[in-house]
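To keep things clear, I will list the structure first and then write my remarks on it.
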Number of protein chains: 4
Amino acid sequence: MKAIIKKGPFPGAELIDTQIPQIGPEDVLVKIKVTSICGTDLHIYDWNEWAQNRIKPPIVFGHEFCGEIIETGKKVNNLVKGDFVSAETHIICGKCYQCKHGQGEICSNVRIIGVDIPGCFAEYIAVPASCLWKNDKKLNPEYASVQEPFGNSVHALFADDKAIEGKTIAIFGCGPTGLFATAIAKASGAKEIIVSDVNSYRMKIAKKSGADYSFNPKEVDVVAKVKDLTGGVGVDIVLEMSGNAQAFQSAVKSCRRGGRVTMFGLFNRRIDVDFNDDLIFSGRKLVGITGRKIWSTWEKTAELLKSKKLNINPIITHRFKLEEFEKGMALMQKGECGKVILKP
Amino acid sequence: MKAIIKKGPFPGAELIDTQIPQIGPEDVLVKIKVTSICGTDLHIYDWNEWAQNRIKPPIVFGHEFCGEIIETGKKVNNLVKGDFVSAETHIICGKCYQCKHGQGEICSNVRIIGVDIPGCFAEYIAVPASCLWKNDKKLNPEYASVQEPFGNSVHALFADDKAIEGKTIAIFGCGPTGLFATAIAKASGAKEIIVSDVNSYRMKIAKKSGADYSFNPKEVDVVAKVKDLTGGVGVDIVLEMSGNAQAFQSAVKSCRRGGRVTMFGLFNRRIDVDFNDDLIFSGRKLVGITGRKIWSTWEKTAELLKSKKLNINPIITHRFKLEEFEKGMALMQKGECGKVILKP
Amino acid sequence: MKAIIKKGPFPGAELIDTQIPQIGPEDVLVKIKVTSICGTDLHIYDWNEWAQNRIKPPIVFGHEFCGEIIETGKKVNNLVKGDFVSAETHIICGKCYQCKHGQGEICSNVRIIGVDIPGCFAEYIAVPASCLWKNDKKLNPEYASVQEPFGNSVHALFADDKAIEGKTIAIFGCGPTGLFATAIAKASGAKEIIVSDVNSYRMKIAKKSGADYSFNPKEVDVVAKVKDLTGGVGVDIVLEMSGNAQAFQSAVKSCRRGGRVTMFGLFNRRIDVDFNDDLIFSGRKLVGITGRKIWSTWEKTAELLKSKKLNINPIITHRFKLEEFEKGMALMQKGECGKVILKP
Amino acid sequence: MKAIIKKGPFPGAELIDTQIPQIGPEDVLVKIKVTSICGTDLHIYDWNEWAQNRIKPPIVFGHEFCGEIIETGKKVNNLVKGDFVSAETHIICGKCYQCKHGQGEICSNVRIIGVDIPGCFAEYIAVPASCLWKNDKKLNPEYASVQEPFGNSVHALFADDKAIEGKTIAIFGCGPTGLFATAIAKASGAKEIIVSDVNSYRMKIAKKSGADYSFNPKEVDVVAKVKDLTGGVGVDIVLEMSGNAQAFQSAVKSCRRGGRVTMFGLFNRRIDVDFNDDLIFSGRKLVGITGRKIWSTWEKTAELLKSKKLNINPIITHRFKLEEFEKGMALMQKGECGKVILKP
């Protein structure tokens, strides 16, 4: 089969021809229908510091996908050939303290598809049955593939599982997860959605996705704007999805006293924080999240995607053949795209 | 001014001409734009047992309304002449245990507009400034009037303030609050909404308002249908809005193990309950609610009504002049209506 | 080995000599150190209506115990020979909706030790390793055995996992679970604990266990007393642990507006409820609970029993040899005991 | 009357003779029985940077106290002469967004006793009736005075109002609030309490107050110790009460994945944070808190102090006459004390 492989400890990746993977008794073999590129994949491609420390090439990478089950292992009894599935890409141990206490999304022994085990930038993938989500057969396969990052945005927004109706929201960073979060907040009844980014291409998509206001920190004082729009109070919920140090400072100050800042975007360095004013006197919370609640995030995700209340088409901006992956990587490097789809 | 008065301890009501009310230093005078009829008003009109025990005629009744502020008391500083307002009809004491602990909606000393103090079936009403909600001037005045019962439905659905996205819901009773709840659940991302009533006129409105399925208990076994539609599990949340004894039995059995039944509809007698199977072994909750959380329910309400995600026009079925109130009462007696509007 | 068996569909039980059970690959064999009698065991012994419908004799019954692991199945890797263990008596499926959503305590396919599979009124028991809780070796074996019903009381009190410090509590029913709940509420910082029962023997134990007030409904108006002691407000949390119809009526009226009534005691018939006043207008909750949260209830249980803050010795009133089980059953029939211990 | 005054913008303070304050219609006059010194008072005395920006001398300072009501304003109807009271030192506006949403502890317009209005280092104080808490007359006056900082510790520990039973806790910083938190955690059923400080005098008090383990970061690797004691998992809840930059780094790493770090101690500079590993990948929360929940923290506080389950006597280490205040300040500068009491 065709597959994209990270061959060694250096930038780039290669299209190869390789064996279809074998499955164990608790695995299934999936024929990939659609796969999509995550920021993490770009890090692996670019071979950044994180990738150098984490990835052990050679490995087929990629983890966002959907496809059809071709074969099931002997012990698999909850899925059958022909099922249309996507994957929770965090394969959890089920035995650590977190897993035993309903927090599998931060399993101490997590293995990640396309990072720790072979990924989905290929024609076929073998994965444990336990990490598969069965899709409605009518679901658009592109939506089915992006459920994984869309789920990040759902988890970021619903980190405490509270209703969003009537809440004010600010989203810093309009990459695909920020854009998805914008659409989700809109569909979930947010009162006002304010987004901020330096990328005007992406801010335009944010406006189409439901943002009421969008601000470029190079042009305006974003915190002042947020305060103006909220009667001086600040927003109830901030989603930090940029991984940018300056954006973080504005993010926390945009949050109302007693409000919540969800931290999702990864930073390329340590950040200095004024805990006294920005957290303690103001009674704010910084809530780190990663992955998706298993399976409650997926349940919300599936329902939101099925509803007519949000339209993620403007966020899926480019489609390529699997063999054209370098075009997708180049667009992401420039930031001139939303979510990029690859089709084997 | 014109007003509808409950004259004495007997059925019926009368249109009279009376003085415009005087306001105290903390009150405001509102010119009524739209008022709407609640089931409680029908009880007062019909002079049922509850009304006989609670109402002290003569009194102008009615409590759902919106209007424009004409005059403000000396000590009122958060509202001005010209403001477009609706009322939280529960005037709370602010001093009881519940009020001091953030549960004003169940104040021990609550006084209710149109029940304990003169109401809004009139051209003007005097109310404490503290119970007014300032509307967006662009809000449809009919929507502004029905915010109070709409808020009951919001509170019923969001009783624990949790996100509804991806949840399955069953609603028993398709009077106006049941219909509003259907529309709200749909707009809030419910996975599946199942309604039940014996009134086919109202069930048709429920389908237009977002119900995925509607069942008449005279025709089918509703519990069996709910189980079928949920893989044998039952729904996550049940709203009991019928006040019907048989409906209650089906409502609780339609709820999944560990799920929640919100109790809102008032019964005309005591109900017998199988606590062992229906509550204890099954880990279910029965949650009584009344009124609206002050002001978090109103914040959700305002936002939902502003959004394009729900359409309550099918639920507002009739409009009359104030002096035609008896036509409205007659329709409500027959159940051949959704919400009925009166305009002074 | 010696074992107590329910031989057939009629009252009573018998001491027999039988084979030590065999274990499967995921089971362990435990040598019983201490076992204790639950109300359920009395129902089986008495052969009441519930038992007639549920139990399929012949079966060794009993489910509260602790003991030492003698042998482990091939696939057991979290426990070893010599471990001192107690059992979560609810063996859950791990696959139903509830299990997948963190509510294993109300698993749809639960099997119960001593009810659905052979029990612990014996010298040895074979149980799945997955349902065992490893005790601190220094824990008093009598305490280790009663952790299961003690855990019921912990779950009843902490049904919503909120802090108890400063809360007022009323407990209806002073059987062992009511008595344990009294001691737990005291140790957890309850402001005032009021208990009610008709059994003066048990009420005396309640006073020793931490009850601030105890009332016999045959002598006083319990609701009036609760109101008096709480400034007319009622208590924050009520635990209904009596299964008595009249007690339920007092229980719900003793709860403050907006408070919670935990329903745990099983009734021998349907109960009629005034939902309007007792639940809806008052914003109360009735929360059914059964079993124990797995494993968070056990964690609280272990810690409470380890602490010096509560003393359950007054609640464990009688100790017999296994072969003297009929003495224990007789005492329980009369209600002249707290928890009764049996030692093989 | 005697009073301690901050005379001008320079270090130190002075004992003066001044007028007994006058009260307004909503105020009461309290004769001080006991007052105690807070770290904030030391900052005012030392005239540190924060004090220079915030305090406008001349002002009588001090805010922790208890006393007897001598006179009540005309409009005061919930308190009478002779009542034994303590003060919630945060005087809240009741009108801002936070106040209206049940978060008065972070009121946007808070005024603080002894900071923004005259304080309690005096024989008498005039305060709004609305900020007074009525004490049980049997409460030890020293305890009554320290309820305010004790309440900080209660709020820090119960930031999410969840039960503490069975939870593991680490406390960084053993000043009075850290010591109180240790005693509270012990009394509330914490499974294991680990404290850390560089001050061996205070660590000894921590051990007496309920700490299971105490570590000096100058001697051992505290994070490694915490991990060892928790099977590699980390603790459920961390209280950062030191305001020390290095302690913060250890605090966050001592917390388990998915756990909570309460931020209370104030820092003298910005802190650099590794958000990727310490918050995002690990799903931790940093929760800023200040003040006390009004009044739910006070309810827990009163109950804990009344119970026999904790002993704060070892934490109250020194008692002086009001005129000896400089002895207290000197001890606090050296850290050779727990809580210091002053008696007028």
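Chains: A, B, ... in order of the structure tokens. Residues: from 1 per chain. Ligands: from 1, in order shown.
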Might you pull out every residue within 10 Å of Leu157 of chain D, with only C-alpha atoms counted and same-chain residues fewer than 2 positions away left off, and present them as JSON, numbers by chain? {"D": [151, 152, 153, 154, 155, 159, 160, 161, 162, 163, 164, 169, 171, 181, 182, 184, 185, 188, 237, 238, 239, 261, 262, 289]}
Write a file of the just-selected residues containing C-alpha atoms, as a compact mmCIF listing (two decimals), in the first residue's frame.
```txt
# COMPACT_ATOMS: atom_id res chain seq x y z
CA GLY D 151 -11.55 31.15 56.10
CA ASN D 152 -8.93 31.81 53.40
CA SER D 153 -7.60 28.34 54.06
CA VAL D 154 -11.08 26.81 54.01
CA HIS D 155 -11.79 28.49 50.66
CA ALA D 159 -12.36 25.88 46.11
CA ASP D 160 -14.73 23.61 44.17
CA ASP D 161 -16.84 22.63 47.19
CA LYS D 162 -15.99 18.96 46.67
CA ALA D 163 -15.56 16.46 49.49
CA ILE D 164 -11.95 16.08 50.69
CA ILE D 169 -3.04 17.01 49.61
CA ILE D 171 0.61 22.34 50.95
CA ALA D 181 -5.10 24.55 55.80
CA THR D 182 -3.14 21.61 57.20
CA ILE D 184 -8.53 21.74 58.06
CA ALA D 185 -7.43 19.11 55.57
CA SER D 188 -11.85 16.98 56.63
CA ILE D 237 -4.94 18.85 45.42
CA VAL D 238 -2.05 21.26 45.89
CA LEU D 239 -2.34 24.48 47.87
CA VAL D 261 -3.44 23.59 42.22
CA THR D 262 -5.05 26.34 44.31
CA ILE D 289 -8.59 32.27 45.00
```
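On the backbone of this structure, DSSP gives strand (DSSP E) within segment 285-341 of chain C to Lys285, Leu286, Val287, Gly288, Ile316, Thr317, His318, Arg319, Phe320, Lys321, Lys339, Val340 and Ile341 of chain C.
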All heavy atoms of the current selection, written as an mmCIF file, in the first residue's frame:
```cif
data_model
loop_
_atom_site.group_PDB
_atom_site.id
_atom_site.type_symbol
_atom_site.label_atom_id
_atom_site.label_comp_id
_atom_site.auth_asym_id
_atom_site.auth_seq_id
_atom_site.Cartn_x
_atom_site.Cartn_y
_atom_site.Cartn_z
ATOM 1 N N LYS C 285 -34.881 17.835 45.649
ATOM 2 C CA LYS C 285 -34.436 16.719 44.800
ATOM 3 C C LYS C 285 -34.619 15.419 45.557
ATOM 4 O O LYS C 285 -34.258 15.343 46.733
ATOM 5 C CB LYS C 285 -32.931 16.809 44.542
ATOM 6 C CG LYS C 285 -32.442 17.835 43.618
ATOM 7 C CD LYS C 285 -30.929 17.579 43.395
ATOM 8 C CE LYS C 285 -30.283 18.764 42.734
ATOM 9 N NZ LYS C 285 -30.194 19.931 43.637
ATOM 10 N N LEU C 286 -35.087 14.390 44.878
ATOM 11 C CA LEU C 286 -35.038 13.026 45.440
ATOM 12 C C LEU C 286 -34.006 12.265 44.620
ATOM 13 O O LEU C 286 -34.181 12.103 43.407
ATOM 14 C CB LEU C 286 -36.391 12.324 45.304
ATOM 15 C CG LEU C 286 -37.600 12.919 46.016
ATOM 16 C CD1 LEU C 286 -38.814 11.993 45.804
ATOM 17 C CD2 LEU C 286 -37.336 13.074 47.510
ATOM 18 N N VAL C 287 -32.966 11.799 45.282
ATOM 19 C CA VAL C 287 -31.854 11.167 44.569
ATOM 20 C C VAL C 287 -31.752 9.705 44.995
ATOM 21 O O VAL C 287 -31.407 9.411 46.146
ATOM 22 C CB VAL C 287 -30.534 11.900 44.873
ATOM 23 C CG1 VAL C 287 -29.365 11.215 44.196
ATOM 24 C CG2 VAL C 287 -30.631 13.354 44.437
ATOM 25 N N GLY C 288 -32.082 8.801 44.075
ATOM 26 C CA GLY C 288 -31.974 7.379 44.384
ATOM 27 C C GLY C 288 -30.534 6.921 44.313
ATOM 28 O O GLY C 288 -29.816 7.293 43.393
ATOM 29 N N ILE C 316 -21.243 -2.050 65.821
ATOM 30 C CA ILE C 316 -21.063 -3.506 65.669
ATOM 31 C C ILE C 316 -21.411 -4.127 67.028
ATOM 32 O O ILE C 316 -20.616 -4.114 67.953
ATOM 33 C CB ILE C 316 -19.619 -3.850 65.257
ATOM 34 C CG1 ILE C 316 -19.274 -3.134 63.938
ATOM 35 C CG2 ILE C 316 -19.443 -5.355 65.135
ATOM 36 C CD1 ILE C 316 -17.829 -3.300 63.483
ATOM 37 N N THR C 317 -22.619 -4.647 67.128
ATOM 38 C CA THR C 317 -23.121 -5.018 68.459
ATOM 39 C C THR C 317 -22.971 -6.495 68.804
ATOM 40 O O THR C 317 -22.951 -6.850 69.983
ATOM 41 C CB THR C 317 -24.612 -4.656 68.580
ATOM 42 O OG1 THR C 317 -25.314 -5.272 67.488
ATOM 43 C CG2 THR C 317 -24.811 -3.147 68.543
ATOM 44 N N HIS C 318 -22.921 -7.374 67.811
ATOM 45 C CA HIS C 318 -22.905 -8.807 68.128
ATOM 46 C C HIS C 318 -21.927 -9.546 67.236
ATOM 47 O O HIS C 318 -21.747 -9.204 66.089
ATOM 48 C CB HIS C 318 -24.303 -9.412 67.944
ATOM 49 C CG HIS C 318 -25.317 -8.857 68.892
ATOM 50 N ND1 HIS C 318 -25.957 -7.658 68.681
ATOM 51 C CD2 HIS C 318 -25.800 -9.332 70.073
ATOM 52 C CE1 HIS C 318 -26.793 -7.400 69.674
ATOM 53 N NE2 HIS C 318 -26.729 -8.401 70.538
ATOM 54 N N ARG C 319 -21.347 -10.588 67.814
ATOM 55 C CA ARG C 319 -20.396 -11.432 67.102
ATOM 56 C C ARG C 319 -20.753 -12.892 67.380
ATOM 57 O O ARG C 319 -20.912 -13.275 68.542
ATOM 58 C CB ARG C 319 -18.975 -11.184 67.614
ATOM 59 C CG ARG C 319 -18.383 -9.860 67.169
ATOM 60 C CD ARG C 319 -17.648 -9.142 68.266
ATOM 61 N NE ARG C 319 -17.175 -7.821 67.840
ATOM 62 C CZ ARG C 319 -17.771 -6.679 68.231
ATOM 63 N NH1 ARG C 319 -18.827 -6.701 69.062
ATOM 64 N NH2 ARG C 319 -17.313 -5.533 67.796
ATOM 65 N N PHE C 320 -20.874 -13.678 66.311
ATOM 66 C CA PHE C 320 -21.172 -15.101 66.467
ATOM 67 C C PHE C 320 -20.233 -15.919 65.593
ATOM 68 O O PHE C 320 -19.615 -15.398 64.662
ATOM 69 C CB PHE C 320 -22.616 -15.408 66.035
ATOM 70 C CG PHE C 320 -23.653 -14.729 66.883
ATOM 71 C CD1 PHE C 320 -24.356 -13.634 66.390
ATOM 72 C CD2 PHE C 320 -23.928 -15.187 68.170
ATOM 73 C CE1 PHE C 320 -25.320 -12.999 67.165
ATOM 74 C CE2 PHE C 320 -24.892 -14.546 68.949
ATOM 75 C CZ PHE C 320 -25.589 -13.451 68.454
ATOM 76 N N LYS C 321 -20.172 -17.217 65.896
ATOM 77 C CA LYS C 321 -19.509 -18.139 64.986
ATOM 78 C C LYS C 321 -20.422 -18.340 63.777
ATOM 79 O O LYS C 321 -21.644 -18.211 63.893
ATOM 80 C CB LYS C 321 -19.272 -19.492 65.661
ATOM 81 C CG LYS C 321 -18.208 -19.434 66.729
ATOM 82 C CD LYS C 321 -17.858 -20.836 67.194
ATOM 83 C CE LYS C 321 -17.036 -20.747 68.468
ATOM 84 N NZ LYS C 321 -17.029 -22.026 69.204
ATOM 85 N N LYS C 339 -24.905 -3.895 63.694
ATOM 86 C CA LYS C 339 -24.362 -4.835 62.720
ATOM 87 C C LYS C 339 -23.956 -6.126 63.439
ATOM 88 O O LYS C 339 -23.377 -6.088 64.523
ATOM 89 C CB LYS C 339 -23.157 -4.185 62.037
ATOM 90 C CG LYS C 339 -22.475 -4.989 60.963
ATOM 91 C CD LYS C 339 -23.368 -5.485 59.856
ATOM 92 C CE LYS C 339 -23.696 -4.482 58.788
ATOM 93 N NZ LYS C 339 -24.534 -5.098 57.702
ATOM 94 N N VAL C 340 -24.274 -7.270 62.826
ATOM 95 C CA VAL C 340 -23.964 -8.584 63.391
ATOM 96 C C VAL C 340 -22.860 -9.247 62.559
ATOM 97 O O VAL C 340 -22.964 -9.350 61.342
ATOM 98 C CB VAL C 340 -25.218 -9.482 63.402
ATOM 99 C CG1 VAL C 340 -24.865 -10.874 63.909
ATOM 100 C CG2 VAL C 340 -26.318 -8.852 64.257
ATOM 101 N N ILE C 341 -21.823 -9.662 63.277
ATOM 102 C CA ILE C 341 -20.635 -10.271 62.665
ATOM 103 C C ILE C 341 -20.701 -11.790 62.801
ATOM 104 O O ILE C 341 -21.142 -12.299 63.828
ATOM 105 C CB ILE C 341 -19.372 -9.774 63.437
ATOM 106 C CG1 ILE C 341 -19.188 -8.254 63.273
ATOM 107 C CG2 ILE C 341 -18.126 -10.549 63.076
ATOM 108 C CD1 ILE C 341 -18.601 -7.810 61.978
#
```
For Lys100 of chain C, please output as JSON, numbers by chain all residues within 10 Å (counting only C-alpha atoms; exclusion window: fewer than 3 positions along the same chain). {"A": [102, 294, 295, 296], "C": [93, 94, 95, 96, 97, 103, 104, 107]}
Could you please take those selected residues and save C-alpha atoms as an mmCIF file, in the first residue's frame?
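Saved result, result-v6.cif, follows:
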```cif
data_model
loop_
_atom_site.group_PDB
_atom_site.id
_atom_site.type_symbol
_atom_site.label_atom_id
_atom_site.label_comp_id
_atom_site.auth_asym_id
_atom_site.auth_seq_id
_atom_site.Cartn_x
_atom_site.Cartn_y
_atom_site.Cartn_z
ATOM 1 C CA GLY A 102 -12.803 8.682 34.616
ATOM 2 C CA ILE A 294 -13.704 9.371 26.196
ATOM 3 C CA TRP A 295 -16.534 9.092 25.094
ATOM 4 C CA SER A 296 -18.557 12.062 26.241
ATOM 5 C CA CYS C 93 -20.162 -5.626 33.104
ATOM 6 C CA GLY C 94 -17.935 -2.723 32.053
ATOM 7 C CA LYS C 95 -19.748 -2.504 28.721
ATOM 8 C CA CYS C 96 -23.207 -1.046 29.302
ATOM 9 C CA TYR C 97 -24.050 2.633 28.887
ATOM 10 C CA GLN C 103 -21.713 5.057 36.655
ATOM 11 C CA GLY C 104 -20.738 1.438 37.176
ATOM 12 C CA CYS C 107 -24.554 -1.185 35.778
#
```
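Of the residues under consideration (B:Thr290, B:Thr168, B:Asn313, B:Gln246), B:Thr168 shows the shortest atom-to-atom contact distance to chain A when counting only C-alpha atoms.
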Counting only C-alpha atoms, what are the residues of chain B within 8 Å of chain A, and for each of them which pair of atoms is the nearest and at what distance in Å, to one decimal? Sort the table by chain and rising number, as a Markdown table.
```
| residue | atom | partner | partner_atom | distance |
| --- | --- | --- | --- | --- |
| B:Phe158 | CA | A:Ala163 | CA | 7.6 |
| B:Asp161 | CA | A:Ala163 | CA | 5.6 |
| B:Lys162 | CA | A:Lys162 | CA | 4.2 |
| B:Ala163 | CA | A:Ala163 | CA | 4.0 |
| B:Ile164 | CA | A:Ala163 | CA | 7.0 |
| B:Glu165 | CA | A:Lys300 | CA | 5.1 |
| B:Gly166 | CA | A:Lys300 | CA | 4.4 |
| B:Lys167 | CA | A:Lys300 | CA | 7.8 |
| B:Ala187 | CA | A:Ser188 | CA | 7.8 |
| B:Ser188 | CA | A:Ser188 | CA | 5.9 |
| B:Gly189 | CA | A:Leu304 | CA | 6.4 |
| B:Ala190 | CA | A:Glu303 | CA | 7.5 |
| B:Lys191 | CA | A:Glu303 | CA | 5.7 |
| B:Glu299 | CA | A:Gly166 | CA | 5.3 |
| B:Lys300 | CA | A:Gly166 | CA | 4.4 |
| B:Thr301 | CA | A:Gly166 | CA | 7.6 |
| B:Ala302 | CA | A:Gly166 | CA | 7.4 |
| B:Glu303 | CA | A:Gly166 | CA | 5.2 |
| B:Leu304 | CA | A:Gly189 | CA | 6.4 |
| B:Ser307 | CA | A:Gly189 | CA | 7.3 |
| B:Lys309 | CA | A:Lys309 | CA | 7.0 |
```
Let's have the selection written as a tab-separated table (two decimals), in the first residue's frame, with N, CA, C and O atoms.
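Final output, saved to result.tsv:
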```tsv
chain	number	residue	atom	x	y	z
B	158	PHE	N	-32.14	22.94	31.91
B	158	PHE	CA	-30.78	23.19	32.41
B	158	PHE	C	-30.75	23.19	33.94
B	158	PHE	O	-30.01	23.97	34.54
B	161	ASP	N	-27.41	22.96	35.05
B	161	ASP	CA	-26.52	23.83	34.28
B	161	ASP	C	-25.52	23.07	33.41
B	161	ASP	O	-24.51	23.62	32.96
B	162	LYS	N	-25.79	21.79	33.15
B	162	LYS	CA	-24.87	21.00	32.33
B	162	LYS	C	-25.19	21.20	30.84
B	162	LYS	O	-26.32	21.50	30.47
B	163	ALA	N	-24.19	20.95	30.02
B	163	ALA	CA	-24.37	21.02	28.58
B	163	ALA	C	-25.36	19.95	28.12
B	163	ALA	O	-25.36	18.83	28.64
B	164	ILE	N	-26.19	20.29	27.14
B	164	ILE	CA	-27.22	19.38	26.60
B	164	ILE	C	-26.72	18.67	25.35
B	164	ILE	O	-27.25	17.64	24.95
B	165	GLU	N	-25.67	19.20	24.75
B	165	GLU	CA	-25.16	18.65	23.49
B	165	GLU	C	-24.97	17.13	23.59
B	165	GLU	O	-24.28	16.65	24.50
B	166	GLY	N	-25.58	16.40	22.67
B	166	GLY	CA	-25.39	14.96	22.63
B	166	GLY	C	-26.29	14.18	23.58
B	166	GLY	O	-26.21	12.95	23.63
B	167	LYS	N	-27.14	14.85	24.33
B	167	LYS	CA	-28.00	14.16	25.29
B	167	LYS	C	-29.34	13.79	24.64
B	167	LYS	O	-29.84	14.50	23.78
B	187	ALA	N	-32.44	23.45	19.95
B	187	ALA	CA	-31.45	24.51	19.72
B	187	ALA	C	-30.17	24.29	20.54
B	187	ALA	O	-29.13	24.84	20.22
B	188	SER	N	-30.28	23.51	21.60
B	188	SER	CA	-29.14	23.31	22.49
B	188	SER	C	-28.36	22.04	22.18
B	188	SER	O	-27.49	21.65	22.95
B	189	GLY	N	-28.70	21.39	21.07
B	189	GLY	CA	-27.87	20.27	20.63
B	189	GLY	C	-28.26	18.91	21.16
B	189	GLY	O	-27.45	17.98	21.13
B	190	ALA	N	-29.52	18.78	21.62
B	190	ALA	CA	-29.96	17.46	22.08
B	190	ALA	C	-29.84	16.46	20.93
B	190	ALA	O	-30.04	16.81	19.77
B	191	LYS	N	-29.49	15.22	21.27
B	191	LYS	CA	-29.29	14.20	20.26
B	191	LYS	C	-30.62	13.72	19.70
B	191	LYS	O	-30.76	13.53	18.50
B	299	GLU	N	-30.44	35.02	31.35
B	299	GLU	CA	-29.33	35.22	30.40
B	299	GLU	C	-29.38	34.17	29.28
B	299	GLU	O	-29.21	34.50	28.11
B	300	LYS	N	-29.61	32.92	29.67
B	300	LYS	CA	-29.73	31.87	28.65
B	300	LYS	C	-30.95	32.15	27.78
B	300	LYS	O	-30.91	32.00	26.55
B	301	THR	N	-32.06	32.54	28.41
B	301	THR	CA	-33.31	32.79	27.70
B	301	THR	C	-33.13	33.87	26.64
B	301	THR	O	-33.50	33.70	25.47
B	302	ALA	N	-32.57	34.99	27.05
B	302	ALA	CA	-32.39	36.11	26.13
B	302	ALA	C	-31.54	35.67	24.94
B	302	ALA	O	-31.83	36.01	23.78
B	303	GLU	N	-30.50	34.91	25.21
B	303	GLU	CA	-29.59	34.51	24.15
B	303	GLU	C	-30.25	33.52	23.19
B	303	GLU	O	-30.11	33.64	21.97
B	304	LEU	N	-31.01	32.59	23.74
B	304	LEU	CA	-31.68	31.61	22.88
B	304	LEU	C	-32.70	32.31	21.99
B	304	LEU	O	-32.81	32.01	20.80
B	307	SER	N	-30.99	34.13	19.16
B	307	SER	CA	-30.32	33.31	18.15
B	307	SER	C	-31.30	32.96	17.03
B	307	SER	O	-32.50	33.06	17.20
B	309	LYS	N	-31.48	30.02	16.03
B	309	LYS	CA	-31.53	28.57	16.09
B	309	LYS	C	-32.88	28.00	16.50
B	309	LYS	O	-33.10	26.81	16.40
```
Please run DSSP on the backbone and report, as a ChimeraX atom specification, all residues within segment 177-293 of chain B that come out as alpha helix (DSSP H). /B:177-187,200-209,222-229,245-254,275
Could you write those residues out with C-alpha atoms, as a tab-separated table (two decimals), in the first residue's frame?
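This is the output file selection11.tsv:
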```tsv
chain	number	residue	atom	x	y	z
B	177	THR	CA	-43.77	25.04	28.48
B	178	GLY	CA	-43.36	21.57	26.96
B	179	LEU	CA	-43.31	23.07	23.49
B	180	PHE	CA	-40.81	25.73	24.47
B	181	ALA	CA	-38.65	23.04	26.07
B	182	THR	CA	-38.75	21.07	22.82
B	183	ALA	CA	-37.51	24.06	20.84
B	184	ILE	CA	-34.85	24.84	23.43
B	185	ALA	CA	-33.58	21.25	23.58
B	186	LYS	CA	-33.33	21.21	19.79
B	187	ALA	CA	-31.45	24.51	19.72
B	200	SER	CA	-52.69	15.81	18.65
B	201	TYR	CA	-53.02	19.56	17.97
B	202	ARG	CA	-50.14	20.25	20.33
B	203	MET	CA	-48.09	17.28	19.19
B	204	LYS	CA	-48.11	18.72	15.68
B	205	ILE	CA	-46.63	21.93	17.05
B	206	ALA	CA	-44.04	19.87	18.92
B	207	LYS	CA	-42.90	18.27	15.68
B	208	LYS	CA	-42.54	21.73	14.10
B	209	SER	CA	-40.60	22.88	17.16
B	222	VAL	CA	-44.49	5.25	25.14
B	223	VAL	CA	-41.91	3.66	27.45
B	224	ALA	CA	-41.37	0.82	24.98
B	225	LYS	CA	-40.93	3.35	22.17
B	226	VAL	CA	-38.40	5.37	24.15
B	227	LYS	CA	-36.45	2.21	24.98
B	228	ASP	CA	-36.48	1.14	21.33
B	229	LEU	CA	-35.13	4.49	20.22
B	245	ALA	CA	-50.33	10.87	36.95
B	246	GLN	CA	-50.04	8.26	34.21
B	247	ALA	CA	-47.60	10.39	32.28
B	248	PHE	CA	-45.41	10.56	35.39
B	249	GLN	CA	-45.20	6.76	35.57
B	250	SER	CA	-44.08	6.63	31.94
B	251	ALA	CA	-41.78	9.60	32.39
B	252	VAL	CA	-39.74	8.01	35.15
B	253	LYS	CA	-39.50	4.66	33.37
B	254	SER	CA	-38.37	6.41	30.17
B	275	PHE	CA	-39.34	4.11	44.67
```
Could you list, as a PyMOL selection string, every residue within 8 Å of Val115 of chain A, counting only C-alpha atoms and ignoring same-chain residues fewer than 2 positions away? chain A and resi 54-55+61-62+111-113+117-119
